[in-house]
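**Student:** One structure follows; several queries about it will come next.
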Amino acid sequence: MKHFLDIHTTDKAELRSIIDQAHAMKTARNGRPKGTPDDDQPLAGRMVALIFEKPSTRTRVSFDVGVRQMGGHTMVLSGSEMQLGHGETIADTARVLSRYVDLIMIRTFEEATLLEMAEHATVPVINGLTNRTHPCQIMADVMTFEEHRGPIAGRKVVWVGDGNNVCASVIHGAGQFGYDFTFTGPPPLDPEREALDFARAQGVAIAIERDPMKAVDGADLVIADTWVSMHDPQSAKERRHNQLRGYQVNEALMARAKPDSLFMHCLPAHREDEVTSAVMDGPHSVIWDEAENRLHAQKAVMRWCLGV
Ligand code: CP
Ligand code: NVA
């Protein structure tokens, strides 16, 4: 069973082949009207369940559109409206859904929910974000970097802010795609040790630098994300803002990166908090390509899962 659960648990060569296919599929679609089916219909007759236990714009729309472009059908399910939200176990839900659909994508809170779904499903399961990781995002990010600047291996990627779920997947990506990684943020918000250890074990340079200006020195790619994630208590907001105020990505910070550096953000962004509008809408920013590439990368992920 080819589940797509995380970057570090998927084979390096397979990750690379998924990115290559995503590039090829994007090129093939160029010039076609939005929403029209692809020439190739590898998901014809397939049903895909998209389960959301948290809000989503990009993940929801890009998976839905991606399945339809490839000839398949989707059903978007909200966790709270399913029996899942009313006491039916994840394992039983996985067993039942597997009798109806060919593929399950789930966005949830605990990683344990995703893993239990994968363990008991008899169809592939895709991680659409948990409190711990967001692997689909990093597939799009690598694809976006490479389409603008060529191979990401050996480049310097800097994460600015909260060492959260997206950050953990960027760190896993360092190990798998061979880029160097620097985290800059306050110590209480450091990324998880397990991810850092994984990447270090793959032989890439992994650093933590408290001074954001020093961290970004010579960066090829600077990444920011929200200071308060969906799984964080809203009561954390004021404290987070105080902790992270010095870690805003602004023009002064980007000036320390390489002149041709890129800026990414998985979105949604909070303008003038973690990043200024001048950077989001400025010459380094590739955030709209990054959002678009969720579609292409996930289409390739789904094909890989289904072997089609
Ligand atoms: N980047 C991302 O996953 O966005 P959504 O929360 O809108 O899906
Ligand atoms: N870190 C953010 C990412 C949203 C796509 C969150 O988990 O809310």
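Letters A, B, ... mark the chains of the structure tokens in the order given; residue numbers begin at 1 per chain; ligand numbers begin at 1, in order shown.
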Determine which residues of segment 30-175 of chain A receive a DSSP assignment of strand (DSSP E or B), computed from the backbone, and state them as a PyMOL selection string.
**Tutor:** chain A and resi 47-52+73-78+103-107+125-127+156-160
**Student:** Output C-alpha atoms for every residue in the selection just made, as a CSV table (one decimal), in the first residue's frame.
**Tutor:**
```
chain,number,residue,atom,x,y,z
A,47,MET,CA,-13.6,8.0,-6.0
A,48,VAL,CA,-11.5,10.1,-3.6
A,49,ALA,CA,-12.6,11.0,0.0
A,50,LEU,CA,-11.3,14.3,1.3
A,51,ILE,CA,-11.7,14.5,5.0
A,52,PHE,CA,-11.2,17.8,6.9
A,73,HIS,CA,-14.7,12.1,-8.4
A,74,THR,CA,-14.4,13.6,-5.0
A,75,MET,CA,-16.4,13.8,-1.8
A,76,VAL,CA,-15.4,16.5,0.7
A,77,LEU,CA,-16.3,15.3,4.2
A,78,SER,CA,-16.1,17.4,7.4
A,103,LEU,CA,-8.1,7.0,-2.0
A,104,ILE,CA,-8.5,8.9,1.3
A,105,MET,CA,-6.9,12.3,2.0
A,106,ILE,CA,-7.2,13.5,5.6
A,107,ARG,CA,-6.4,16.8,7.4
A,125,VAL,CA,-4.1,7.5,2.7
A,126,ILE,CA,-2.6,10.9,2.1
A,127,ASN,CA,-1.6,13.3,4.9
A,156,LYS,CA,20.4,27.1,1.8
A,157,VAL,CA,16.8,27.1,3.1
A,158,VAL,CA,16.0,29.3,6.1
A,159,TRP,CA,12.8,29.0,8.2
A,160,VAL,CA,11.9,32.1,10.1
```
**Student:** Which chain A residues have any atom within 7 Å of an atom of ligand 2, and for each, what is the nearest pair of atoms with distance in Å to one decimal, counting only C-alpha atoms and all ligand atoms, rows sorted by chain and number, as a tab-separated table?
**Tutor:**
```
residue	atom	partner	partner_atom_place_in_ligand_line	distance
A:Asn131	CA	ligand 2	7 (O)	6.2
A:Asn164	CA	ligand 2	1 (N)	5.9
A:Asn165	CA	ligand 2	1 (N)	5.6
A:Val166	CA	ligand 2	1 (N)	5.6
A:Asp225	CA	ligand 2	1 (N)	6.2
A:Thr226	CA	ligand 2	1 (N)	6.0
A:Val228	CA	ligand 2	8 (O)	6.8
A:Ser229	CA	ligand 2	8 (O)	3.4
A:Met230	CA	ligand 2	8 (O)	3.8
A:His231	CA	ligand 2	7 (O)	6.3
A:Cys266	CA	ligand 2	5 (C)	5.9
A:Leu267	CA	ligand 2	5 (C)	6.0
A:Pro268	CA	ligand 2	5 (C)	6.5
```
**Student:** Let's have the selection written as an mmCIF file, in the first residue's frame, with N, CA and C atoms.
**Tutor:**
```cif
data_model
loop_
_atom_site.group_PDB
_atom_site.id
_atom_site.type_symbol
_atom_site.label_atom_id
_atom_site.label_comp_id
_atom_site.auth_asym_id
_atom_site.auth_seq_id
_atom_site.Cartn_x
_atom_site.Cartn_y
_atom_site.Cartn_z
ATOM 1 N N ASN A 131 -1.060 18.134 13.185
ATOM 2 C CA ASN A 131 -0.374 19.073 14.084
ATOM 3 C C ASN A 131 1.138 18.968 13.913
ATOM 4 N N ASN A 164 7.001 24.896 13.520
ATOM 5 C CA ASN A 164 5.724 24.172 13.562
ATOM 6 C C ASN A 164 5.679 22.954 12.634
ATOM 7 N N ASN A 165 4.453 22.519 12.306
ATOM 8 C CA ASN A 165 4.228 21.352 11.448
ATOM 9 C C ASN A 165 4.832 21.508 10.042
ATOM 10 N N VAL A 166 4.640 22.683 9.444
ATOM 11 C CA VAL A 166 5.180 22.895 8.093
ATOM 12 C C VAL A 166 6.709 22.903 8.169
ATOM 13 N N ASP A 225 5.756 31.211 8.092
ATOM 14 C CA ASP A 225 4.403 30.669 8.248
ATOM 15 C C ASP A 225 3.734 31.448 9.375
ATOM 16 N N THR A 226 2.459 31.210 9.547
ATOM 17 C CA THR A 226 1.709 31.882 10.601
ATOM 18 C C THR A 226 2.401 31.699 11.959
ATOM 19 N N VAL A 228 0.627 31.535 14.709
ATOM 20 C CA VAL A 228 -0.313 30.748 15.528
ATOM 21 C C VAL A 228 -1.010 29.753 14.597
ATOM 22 N N SER A 229 -0.697 28.482 14.761
ATOM 23 C CA SER A 229 -1.276 27.458 13.883
ATOM 24 C C SER A 229 -2.673 27.066 14.343
ATOM 25 N N MET A 230 -3.365 26.314 13.473
ATOM 26 C CA MET A 230 -4.754 25.935 13.766
ATOM 27 C C MET A 230 -4.870 25.098 15.034
ATOM 28 N N HIS A 231 -3.830 24.343 15.350
ATOM 29 C CA HIS A 231 -3.910 23.491 16.540
ATOM 30 C C HIS A 231 -3.478 24.227 17.811
ATOM 31 N N CYS A 266 3.377 29.069 3.034
ATOM 32 C CA CYS A 266 2.353 28.093 2.622
ATOM 33 C C CYS A 266 0.980 28.725 2.498
ATOM 34 N N LEU A 267 0.773 29.861 3.184
ATOM 35 C CA LEU A 267 -0.504 30.570 3.231
ATOM 36 C C LEU A 267 -1.539 29.728 4.001
ATOM 37 N N PRO A 268 -2.486 30.292 4.702
ATOM 38 C CA PRO A 268 -2.782 31.712 4.735
ATOM 39 C C PRO A 268 -1.761 32.511 5.540
#
```
**Student:** Within 9 Å of ligand 1, counting only C-alpha atoms and all ligand atoms: which residues, as a PyMOL selection string?
**Tutor:** chain A and resi 54-62+107+128-129+134+136-137+166+230+265-268+291+294
**Student:** Generate a file of the selected residues that holds C-alpha atoms, formatted as a PDB file, in the first residue's frame.
**Tutor:**
```
ATOM      1  CA  LYS A  54      -9.634  21.616  10.309  1.00  0.00           C
ATOM      2  CA  PRO A  55     -10.327  24.533   7.948  1.00  0.00           C
ATOM      3  CA  SER A  56      -8.660  24.656   4.524  1.00  0.00           C
ATOM      4  CA  THR A  57      -8.717  26.664   1.318  1.00  0.00           C
ATOM      5  CA  ARG A  58      -5.733  25.472  -0.726  1.00  0.00           C
ATOM      6  CA  THR A  59      -5.685  21.820   0.273  1.00  0.00           C
ATOM      7  CA  ARG A  60      -9.396  21.416  -0.190  1.00  0.00           C
ATOM      8  CA  VAL A  61      -9.618  23.141  -3.561  1.00  0.00           C
ATOM      9  CA  SER A  62      -6.368  21.818  -5.023  1.00  0.00           C
ATOM     10  CA  ARG A 107      -6.423  16.753   7.398  1.00  0.00           C
ATOM     11  CA  GLY A 128      -3.272  16.691   4.218  1.00  0.00           C
ATOM     12  CA  LEU A 129      -1.707  18.214   7.400  1.00  0.00           C
ATOM     13  CA  HIS A 134       2.419  18.939   6.189  1.00  0.00           C
ATOM     14  CA  CYS A 136       2.097  17.934   0.510  1.00  0.00           C
ATOM     15  CA  GLN A 137       3.163  21.527   1.123  1.00  0.00           C
ATOM     16  CA  VAL A 166       5.180  22.895   8.093  1.00  0.00           C
ATOM     17  CA  MET A 230      -4.754  25.935  13.766  1.00  0.00           C
ATOM     18  CA  HIS A 265       4.802  30.999   2.636  1.00  0.00           C
ATOM     19  CA  CYS A 266       2.353  28.093   2.622  1.00  0.00           C
ATOM     20  CA  LEU A 267      -0.504  30.570   3.231  1.00  0.00           C
ATOM     21  CA  PRO A 268      -2.782  31.712   4.735  1.00  0.00           C
ATOM     22  CA  ALA A 291       0.010  27.784  -4.020  1.00  0.00           C
ATOM     23  CA  ARG A 294      -0.035  22.304  -4.572  1.00  0.00           C
TER      24      ARG A 294
END
```
**Student:** With a distance cut-off of 12 Å and only C-alpha atoms, select the neighbouring residues of Asp197 of chain A, excluding the residue or stretch itself and same-chain residues fewer than 4 positions from it, and output the selection as a list of chain:residue names.
**Tutor:** A:His8, A:Ala168, A:Ile171, A:His172, A:Ala174, A:Gly175, A:Pro191, A:Glu192, A:Arg193, A:Ala201, A:Gln202, A:Gly203, A:Val204, A:Ala205, A:Ile206, A:Ala207
**Student:** Output C-alpha atoms of each residue in that selection to a file, as a PDB file, in the first residue's frame.
**Tutor:**
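Saved to again.pdb:
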```pdb
ATOM      1  CA  HIS A   8      10.846  11.337   5.739  1.00  0.00           C
ATOM      2  CA  ALA A 168       9.050  19.895  10.424  1.00  0.00           C
ATOM      3  CA  ILE A 171      13.344  19.797   7.722  1.00  0.00           C
ATOM      4  CA  HIS A 172      12.412  16.306   6.533  1.00  0.00           C
ATOM      5  CA  ALA A 174      16.311  18.820   3.745  1.00  0.00           C
ATOM      6  CA  GLY A 175      17.217  15.207   4.465  1.00  0.00           C
ATOM      7  CA  PRO A 191      11.338  22.577  15.715  1.00  0.00           C
ATOM      8  CA  GLU A 192      11.071  19.019  17.008  1.00  0.00           C
ATOM      9  CA  ARG A 193      14.354  17.253  17.669  1.00  0.00           C
ATOM     10  CA  ALA A 201      21.580  11.766   9.707  1.00  0.00           C
ATOM     11  CA  GLN A 202      21.187  12.251   5.934  1.00  0.00           C
ATOM     12  CA  GLY A 203      24.366  14.374   5.941  1.00  0.00           C
ATOM     13  CA  VAL A 204      22.955  17.847   5.260  1.00  0.00           C
ATOM     14  CA  ALA A 205      23.935  20.931   7.303  1.00  0.00           C
ATOM     15  CA  ILE A 206      21.277  21.738   9.898  1.00  0.00           C
ATOM     16  CA  ALA A 207      21.618  24.835  12.086  1.00  0.00           C
TER      17      ALA A 207
END
```
**Student:** Which residue gives the smallest distance to Gln243 of chain A among A:Val286, A:Asp102, A:Asp273, A:Ala215, with only C-alpha atoms counted?
**Tutor:** A:Asp273
**Student:** Using DSSP secondary structure from the backbone, list all alpha helix (DSSP H) positions within segment 49-284 of chain A, as a PDB file with C-alpha atoms, in the first residue's frame.
**Tutor:**
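Listed below is the output, selection_10.pdb:
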```
ATOM      1  CA  ARG A  58      -5.733  25.472  -0.726  1.00  0.00           C
ATOM      2  CA  THR A  59      -5.685  21.820   0.273  1.00  0.00           C
ATOM      3  CA  ARG A  60      -9.396  21.416  -0.190  1.00  0.00           C
ATOM      4  CA  VAL A  61      -9.618  23.141  -3.561  1.00  0.00           C
ATOM      5  CA  SER A  62      -6.368  21.818  -5.023  1.00  0.00           C
ATOM      6  CA  PHE A  63      -7.179  18.189  -4.191  1.00  0.00           C
ATOM      7  CA  ASP A  64     -10.739  18.534  -5.456  1.00  0.00           C
ATOM      8  CA  VAL A  65      -9.697  20.220  -8.711  1.00  0.00           C
ATOM      9  CA  GLY A  66      -6.758  17.832  -9.163  1.00  0.00           C
ATOM     10  CA  VAL A  67      -8.914  14.712  -8.902  1.00  0.00           C
ATOM     11  CA  ARG A  68     -11.477  16.133 -11.332  1.00  0.00           C
ATOM     12  CA  GLN A  69      -8.823  17.176 -13.854  1.00  0.00           C
ATOM     13  CA  ILE A  90     -10.851   5.955  13.172  1.00  0.00           C
ATOM     14  CA  ALA A  91     -10.135   2.288  12.460  1.00  0.00           C
ATOM     15  CA  ASP A  92     -13.784   1.482  11.757  1.00  0.00           C
ATOM     16  CA  THR A  93     -14.155   4.607   9.630  1.00  0.00           C
ATOM     17  CA  ALA A  94     -11.083   3.552   7.632  1.00  0.00           C
ATOM     18  CA  ARG A  95     -12.471   0.042   7.080  1.00  0.00           C
ATOM     19  CA  VAL A  96     -15.827   1.356   5.883  1.00  0.00           C
ATOM     20  CA  LEU A  97     -14.492   4.132   3.641  1.00  0.00           C
ATOM     21  CA  SER A  98     -12.141   1.643   2.000  1.00  0.00           C
ATOM     22  CA  ARG A  99     -15.195  -0.284   0.759  1.00  0.00           C
ATOM     23  CA  TYR A 100     -16.458   2.811  -1.075  1.00  0.00           C
ATOM     24  CA  GLU A 111      -0.715  12.372  13.927  1.00  0.00           C
ATOM     25  CA  ALA A 112      -2.054   9.226  15.620  1.00  0.00           C
ATOM     26  CA  THR A 113      -5.366   9.718  13.787  1.00  0.00           C
ATOM     27  CA  LEU A 114      -3.615   9.746  10.415  1.00  0.00           C
ATOM     28  CA  LEU A 115      -1.541   6.684  11.297  1.00  0.00           C
ATOM     29  CA  GLU A 116      -4.568   4.758  12.549  1.00  0.00           C
ATOM     30  CA  MET A 117      -6.451   5.617   9.363  1.00  0.00           C
ATOM     31  CA  ALA A 118      -3.530   4.351   7.282  1.00  0.00           C
ATOM     32  CA  GLU A 119      -3.152   1.195   9.338  1.00  0.00           C
ATOM     33  CA  HIS A 120      -6.762   0.144   8.902  1.00  0.00           C
ATOM     34  CA  PRO A 135       4.203  16.872   3.530  1.00  0.00           C
ATOM     35  CA  CYS A 136       2.097  17.934   0.510  1.00  0.00           C
ATOM     36  CA  GLN A 137       3.163  21.527   1.123  1.00  0.00           C
ATOM     37  CA  ILE A 138       6.839  20.668   0.900  1.00  0.00           C
ATOM     38  CA  MET A 139       6.370  18.769  -2.368  1.00  0.00           C
ATOM     39  CA  ALA A 140       4.904  21.986  -3.814  1.00  0.00           C
ATOM     40  CA  ASP A 141       7.695  24.085  -2.283  1.00  0.00           C
ATOM     41  CA  VAL A 142      10.485  21.950  -3.749  1.00  0.00           C
ATOM     42  CA  MET A 143       8.727  21.956  -7.108  1.00  0.00           C
ATOM     43  CA  THR A 144       8.384  25.756  -6.983  1.00  0.00           C
ATOM     44  CA  PHE A 145      12.003  26.362  -6.021  1.00  0.00           C
ATOM     45  CA  GLU A 146      13.259  24.100  -8.804  1.00  0.00           C
ATOM     46  CA  GLU A 147      11.039  25.646 -11.444  1.00  0.00           C
ATOM     47  CA  HIS A 148      12.516  29.069 -10.631  1.00  0.00           C
ATOM     48  CA  ARG A 149      16.099  28.276  -9.680  1.00  0.00           C
ATOM     49  CA  ASN A 165       4.228  21.352  11.448  1.00  0.00           C
ATOM     50  CA  VAL A 166       5.180  22.895   8.093  1.00  0.00           C
ATOM     51  CA  CYS A 167       8.678  23.571   9.434  1.00  0.00           C
ATOM     52  CA  ALA A 168       9.050  19.895  10.424  1.00  0.00           C
ATOM     53  CA  SER A 169       8.240  18.820   6.870  1.00  0.00           C
ATOM     54  CA  VAL A 170      10.706  21.376   5.454  1.00  0.00           C
ATOM     55  CA  ILE A 171      13.344  19.797   7.722  1.00  0.00           C
ATOM     56  CA  HIS A 172      12.412  16.306   6.533  1.00  0.00           C
ATOM     57  CA  GLY A 173      12.743  17.695   3.005  1.00  0.00           C
ATOM     58  CA  ALA A 174      16.311  18.820   3.745  1.00  0.00           C
ATOM     59  CA  GLY A 175      17.217  15.207   4.465  1.00  0.00           C
ATOM     60  CA  GLN A 176      15.407  13.826   1.432  1.00  0.00           C
ATOM     61  CA  PHE A 177      16.154  16.482  -1.193  1.00  0.00           C
ATOM     62  CA  ARG A 193      14.354  17.253  17.669  1.00  0.00           C
ATOM     63  CA  GLU A 194      13.348  14.100  15.806  1.00  0.00           C
ATOM     64  CA  ALA A 195      13.037  15.975  12.510  1.00  0.00           C
ATOM     65  CA  LEU A 196      16.385  17.732  13.036  1.00  0.00           C
ATOM     66  CA  ASP A 197      18.061  14.407  13.872  1.00  0.00           C
ATOM     67  CA  PHE A 198      16.559  12.766  10.794  1.00  0.00           C
ATOM     68  CA  ALA A 199      17.904  15.469   8.483  1.00  0.00           C
ATOM     69  CA  ARG A 200      21.344  15.521  10.143  1.00  0.00           C
ATOM     70  CA  ALA A 201      21.580  11.766   9.707  1.00  0.00           C
ATOM     71  CA  PRO A 212      17.468  36.240  12.164  1.00  0.00           C
ATOM     72  CA  MET A 213      19.841  38.545  10.266  1.00  0.00           C
ATOM     73  CA  LYS A 214      22.713  36.083  10.630  1.00  0.00           C
ATOM     74  CA  ALA A 215      20.443  33.132   9.873  1.00  0.00           C
ATOM     75  CA  VAL A 216      19.283  34.540   6.554  1.00  0.00           C
ATOM     76  CA  LYS A 237      -1.740  34.525  20.280  1.00  0.00           C
ATOM     77  CA  GLU A 238      -0.517  37.443  22.373  1.00  0.00           C
ATOM     78  CA  ARG A 239       2.416  35.487  23.809  1.00  0.00           C
ATOM     79  CA  ARG A 240       3.413  34.273  20.345  1.00  0.00           C
ATOM     80  CA  HIS A 241       3.352  37.788  18.968  1.00  0.00           C
ATOM     81  CA  ASN A 242       5.623  38.945  21.767  1.00  0.00           C
ATOM     82  CA  GLN A 243       7.982  35.998  21.235  1.00  0.00           C
ATOM     83  CA  LEU A 244       8.114  36.351  17.458  1.00  0.00           C
ATOM     84  CA  GLU A 251      12.663  43.851   3.265  1.00  0.00           C
ATOM     85  CA  ALA A 252      15.568  44.474   5.652  1.00  0.00           C
ATOM     86  CA  LEU A 253      15.731  40.749   6.435  1.00  0.00           C
ATOM     87  CA  MET A 254      15.409  39.688   2.789  1.00  0.00           C
ATOM     88  CA  SER A 277       3.163  43.006   2.249  1.00  0.00           C
ATOM     89  CA  ALA A 278       6.303  44.494   0.712  1.00  0.00           C
ATOM     90  CA  VAL A 279       7.897  41.021   0.806  1.00  0.00           C
ATOM     91  CA  MET A 280       4.758  39.041  -0.045  1.00  0.00           C
TER      92      MET A 280
END
```
**Student:** Using only C-alpha atoms, determine which residues lie at most 6 Å from segment 41-44 of chain A, disregarding the query and same-chain residues fewer than 5 positions distant; provide the list as a PDB file with C-alpha atoms, in the first residue's frame.
**Tutor:**
```pdb
ATOM      1  CA  MET A  70      -7.629  13.573 -13.856  1.00  0.00           C
ATOM      2  CA  GLY A  71     -11.143  12.219 -14.427  1.00  0.00           C
ATOM      3  CA  GLY A  72     -11.972  11.120 -10.876  1.00  0.00           C
ATOM      4  CA  VAL A 308      -1.672   5.031 -12.321  1.00  0.00           C
TER       5      VAL A 308
END
```
**Student:** Hey, which of A:Gly185, A:His23, A:Thr10, A:Ile152 ends up closest to Leu295 of chain A? Count only C-alpha atoms.
**Tutor:**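 Going through A:Gly185, A:His23, A:Thr10, A:Ile152 one by one, the smallest distance to Leu295 of chain A is for A:His23.
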